[in-house]
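As structure tokens, the structure follows; a few thoughts come after it.
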Amino acid sequence: MKTLLQKNMSVLAILLFLAPVLFGQKAEKPDNAFNNLGSIKWMKMSDPGTLIVSTSNGIYGIRPNESKTTFLFDQRKNIKEDNFKLQPGTPYAMFIANGLKGVTFVIDIVSGKVLFDSKSKDFTFITSRDIILPENKLVVSGMRKIKGKAGQRYSIAVFDLATGNEEHTIPQKGNNNVTGSPDMLNGNLYIPRNKGVDCINLASGNTLWTADIKKATSIEASEDAIYAYQKSANLKNTTIYRINNNGSLSWKDGNKLKGQVRQTEFLSNGIAVLTDVYGKNPQSKIYFIDANSGEDLWDKAPKTKGLVSHFYTEDDGIIFGVASGGINKIKYDGTPLWRKPLKTGPSISTLARTESGILYITAKDADIIDENTGESVFGKKLKYKQSKSVASAYDAQNKRFLLSCSDGLYSIDGSSGKYELIASPKFKEKEMPTKIELRNGNILLSASQNMMLLSPEGKEMYHTHFKSPTKSTFMKILSGALAVTSMAVSTSAAFRAGANKNSIGNYNSYGAQMDSYSKGFAQIAGASFSAMSKRFKASAQTQNENFILTKLSSGVGLVKIDKDSGEKTKEILLKDKKPTYIVDEMERILYYQASKNSIYAYKI
């Protein structure tokens, strides 16, 4: 498993607004007020739902629906945002002071417990710090004081992140620093170092063997073998090595691949590797390697003509989509499964399996294709003007797909592929729908400032619009979500069960996706991961309200809209010039910086 620091995941769905407002809710006080926090420097929402607030007193954590701050990390004050790193998909934050090799803290931002403090653990110089999941461990290396003696020596230590307890200490001799991210499996720690890759039995602390691969940059352990990755200094190449379970090299030489490895899939018939080559014309490359010899099994790799945005390994081959447009499928012997690559529009937003075939949706077209031929199942793709926003949903009751684009709202029959334009919604302020939701058989279209409910036939039932504040009064919404294709926790937790093959998934709703993430968190030990699992499980439930930032009669505010009626059920009036506030959509809470040292929380 790769560590969390190797994953590039994005943050969970939140909305961050900056608008000119003074906060006050009509006829209501804030549900919770957090005063005298010290001078507030910045605040941000975390994946487990803790609001992180950096002040002159330190870092405060505020949990949903609690009347008091959950914790104050005050071992440092006025902490810069760049130095306090939330670890995506975990309940942890890492604070590194004085540069990359300086004092390090790991904090559980659900409980507020400091799980690791390098100074209190006698580390004077940190060379590496890695979180490993699903084992939920922290591996730290660096110079450490010798207890009861003068001087210090290089040491590796393993901490349990569920408790913060140090479980293993591995003293070392000489200059043999850790050079990359380690991995764990079956009680052994596999760690890359200057002089080779060490296999250390954690129970005894003994080094069982050292593989002759110097300065590897990351390790990935499996039941069959251990794989070491070694990036070149200029990052233009990556060499992969396979190590047997006794420490001998399975391949005579490593396999040197162009680019940086983004994804590796270990299959029964070989190893599929996706790399990215950056430069003037960035391009992805796909390799298929013989696990026994390390040799490339393909005489000629498939052309990608750009960066790959979707990459899946199926029973009969690899299917991939390119960001600039195009989908192809290659057999594991290197020959194309399809007669020719499928031409599509750019920006493939959806690539998923349905009962009829594989559905793809881009900025310009959509179709259901036969996975074995790459041809349209129904003989004709749906084409539309290039759209800045394309939204889709599956209407199970009517067995059809709904797709919103620049042309309007299409209904696509899931059995015949027949499509028709059932509505041409006109959103105000030149908006386009960004989300489609089925509600009691009706179709809800929504965007930042508009909501529209349509009958199953596409007849408008209501259209609600709330004018946006002018550009001079607020910044555009910043939002993020976990990547659909590689949720770090779910993937790593499933790996141990043998479910590490990255197959193309079924066309799922947002709720099903969040439920999947919840199950991934639930597989990792610790109360804080359990809290994250409950949070995501709750978010999978259909919500009945939407929230819109708008101009009210007395100023700027946030309104709560009932999705079924389009009626406004609540509003929060704002009147300040330069406030900062964050909406936690999962918990339905708005946090507002009411003054230089106060945060107000409103249940919305």
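Chain labels follow the order of the structure tokens: the first chain is A, the next B, and so on; residue numbering restarts at 1 in every chain, and ligands are counted from 1 in their shown order.
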Applying 6 Å and only C-alpha atoms, which residues near segment 188-205 of chain A remain after dropping the ones on its own chain fewer than 5 positions away? List them as a short mmCIF file (atom, residue, chain, number, x, y, z; two decimals) with C-alpha atoms, in the first residue's frame.
```cif
data_model
loop_
_atom_site.label_atom_id
_atom_site.label_comp_id
_atom_site.auth_asym_id
_atom_site.auth_seq_id
_atom_site.Cartn_x
_atom_site.Cartn_y
_atom_site.Cartn_z
CA ILE A 170 14.59 0.41 15.66
CA ASN A 176 21.70 4.82 6.36
CA ASN A 177 18.85 7.31 6.22
CA VAL A 178 15.34 6.56 5.03
CA THR A 179 14.96 7.80 1.43
CA GLY A 180 11.28 7.29 0.70
CA PRO A 182 7.71 2.63 3.45
CA ASP A 183 4.98 0.00 3.57
CA THR A 210 18.32 -6.04 2.88
CA ALA A 211 17.62 -5.88 -0.84
CA ASP A 212 20.30 -4.28 -3.01
CA ILE A 213 18.26 -1.32 -4.21
CA LYS A 214 19.75 1.93 -3.02
CA LYS A 215 17.77 5.14 -2.41
CA ALA A 216 14.33 3.92 -3.50
#
```
Next item on the list: Write out as JSON, numbers by chain the residues lying within 7 Å of segment 52-57 of chain A, counting only C-alpha atoms and excluding same-chain residues fewer than 4 positions away.
Entry: {"A": [37, 38, 39, 40, 41, 42, 43, 44, 45, 61, 62, 74, 77, 78, 79]}
Item checked: Which of segment 225-380 of chain A fall in strand (DSSP E or B), as a ChimeraX atom specification -> /A:226-231,237-243,249,255-258,260-267,270-277,283-289,296,308-313,318-322,327-330,336,342,350-353,358-361,365-369,376
Notebook entry, point to check: Hey, what's within 9 Å of Leu409 of chain A if we count only C-alpha atoms and toss same-chain stuff fewer than 4 positions away? As JSON, numbers by chain, please?
Noted result: {"A": [402, 403, 404, 405, 420, 421, 422, 423, 424, 425, 458]}
Take the residues that were just selected and, keeping C-alpha atoms, output them as an mmCIF file, in the first residue's frame.
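Once everything was written out, this is out-v7.cif:
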```cif
data_model
loop_
_atom_site.group_PDB
_atom_site.id
_atom_site.type_symbol
_atom_site.label_atom_id
_atom_site.label_comp_id
_atom_site.auth_asym_id
_atom_site.auth_seq_id
_atom_site.Cartn_x
_atom_site.Cartn_y
_atom_site.Cartn_z
ATOM 1 C CA LEU A 402 -31.006 12.183 -17.833
ATOM 2 C CA LEU A 403 -28.357 14.494 -19.218
ATOM 3 C CA SER A 404 -28.210 18.284 -18.994
ATOM 4 C CA CYS A 405 -25.984 20.168 -21.425
ATOM 5 C CA GLU A 420 -35.167 13.102 -26.872
ATOM 6 C CA LEU A 421 -34.876 16.678 -25.667
ATOM 7 C CA ILE A 422 -37.559 16.950 -22.995
ATOM 8 C CA ALA A 423 -36.809 20.447 -21.690
ATOM 9 C CA SER A 424 -34.840 23.584 -22.481
ATOM 10 C CA PRO A 425 -34.397 25.150 -19.041
ATOM 11 C CA GLY A 458 -39.938 17.834 -18.537
#
```
Taking only C-alpha atoms into account, produce a table as JSON lines in which each residue of segment 338-380 of chain A with an atom at most 12 Å from an atom of segment 306-320 of chain A appears once, together with its shortest atom pair and the distance in Å to one decimal, ordered by chain and rising number.
```
{"residue": "A:Trp338", "atom": "CA", "partner": "A:Ile319", "partner_atom": "CA", "distance": 10.3}
{"residue": "A:Pro341", "atom": "CA", "partner": "A:Phe320", "partner_atom": "CA", "distance": 10.2}
{"residue": "A:Leu342", "atom": "CA", "partner": "A:Phe320", "partner_atom": "CA", "distance": 10.6}
{"residue": "A:Pro346", "atom": "CA", "partner": "A:Ser309", "partner_atom": "CA", "distance": 10.7}
{"residue": "A:Ser347", "atom": "CA", "partner": "A:Ser309", "partner_atom": "CA", "distance": 8.5}
{"residue": "A:Ile348", "atom": "CA", "partner": "A:Ser309", "partner_atom": "CA", "distance": 7.6}
{"residue": "A:Ser349", "atom": "CA", "partner": "A:Ser309", "partner_atom": "CA", "distance": 9.1}
{"residue": "A:Thr350", "atom": "CA", "partner": "A:His310", "partner_atom": "CA", "distance": 9.1}
{"residue": "A:Leu351", "atom": "CA", "partner": "A:His310", "partner_atom": "CA", "distance": 7.6}
{"residue": "A:Ala352", "atom": "CA", "partner": "A:His310", "partner_atom": "CA", "distance": 10.2}
{"residue": "A:Arg353", "atom": "CA", "partner": "A:Tyr312", "partner_atom": "CA", "distance": 11.6}
{"residue": "A:Ile358", "atom": "CA", "partner": "A:Ile319", "partner_atom": "CA", "distance": 10.7}
{"residue": "A:Tyr360", "atom": "CA", "partner": "A:His310", "partner_atom": "CA", "distance": 10.9}
{"residue": "A:Thr362", "atom": "CA", "partner": "A:Ser309", "partner_atom": "CA", "distance": 11.9}
{"residue": "A:Glu371", "atom": "CA", "partner": "A:Ile319", "partner_atom": "CA", "distance": 8.9}
{"residue": "A:Asn372", "atom": "CA", "partner": "A:Asp316", "partner_atom": "CA", "distance": 9.1}
{"residue": "A:Thr373", "atom": "CA", "partner": "A:Ile319", "partner_atom": "CA", "distance": 11.7}
{"residue": "A:Gly374", "atom": "CA", "partner": "A:Ile319", "partner_atom": "CA", "distance": 10.1}
```
Notebook entry, point to check: Which of these residues is nearest to Ile561 of chain A, using only C-alpha atoms: A:Thr464, A:Ser530, A:Ser67, A:Ser250?
Noted result: A:Thr464
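The environment of segment 377-387 of chain A within 8 Å, counting only C-alpha atoms and disregarding residues fewer than 5 places along the same chain, consists of Ser356, Gly357, Ala363, Lys364, Asp365, Ala366, Asp367, Ile368, Ile369, Asp370, Cys405, Ser406, Asp407, Ser416, Gly417, Lys418 and Tyr419 of chain A.
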Notebook entry, point to check: Just how far from atom CA of Arg400 of chain A is atom CA of Gly441 of chain A, in Å to one decimal?
Noted result: 12.0 Å
Checklist line | Near-Asn234 of chain A list (12 Å; only C-alpha atoms; drop same-chain fewer than 4 positions) as an NGL selection string | finding: :A and (230 or 238 or 258-260 or 277-279)
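In terms of minimum interatomic distance to Ala447 of chain A, A:Ser389 ranks closest within A:Ser389, A:Ser503, A:Ser141, A:Thr70, counting only C-alpha atoms.
When atom CA of Asp117 of chain A is paired with atom CA of Leu72 of chain A, their separation reads 15.1 Å.
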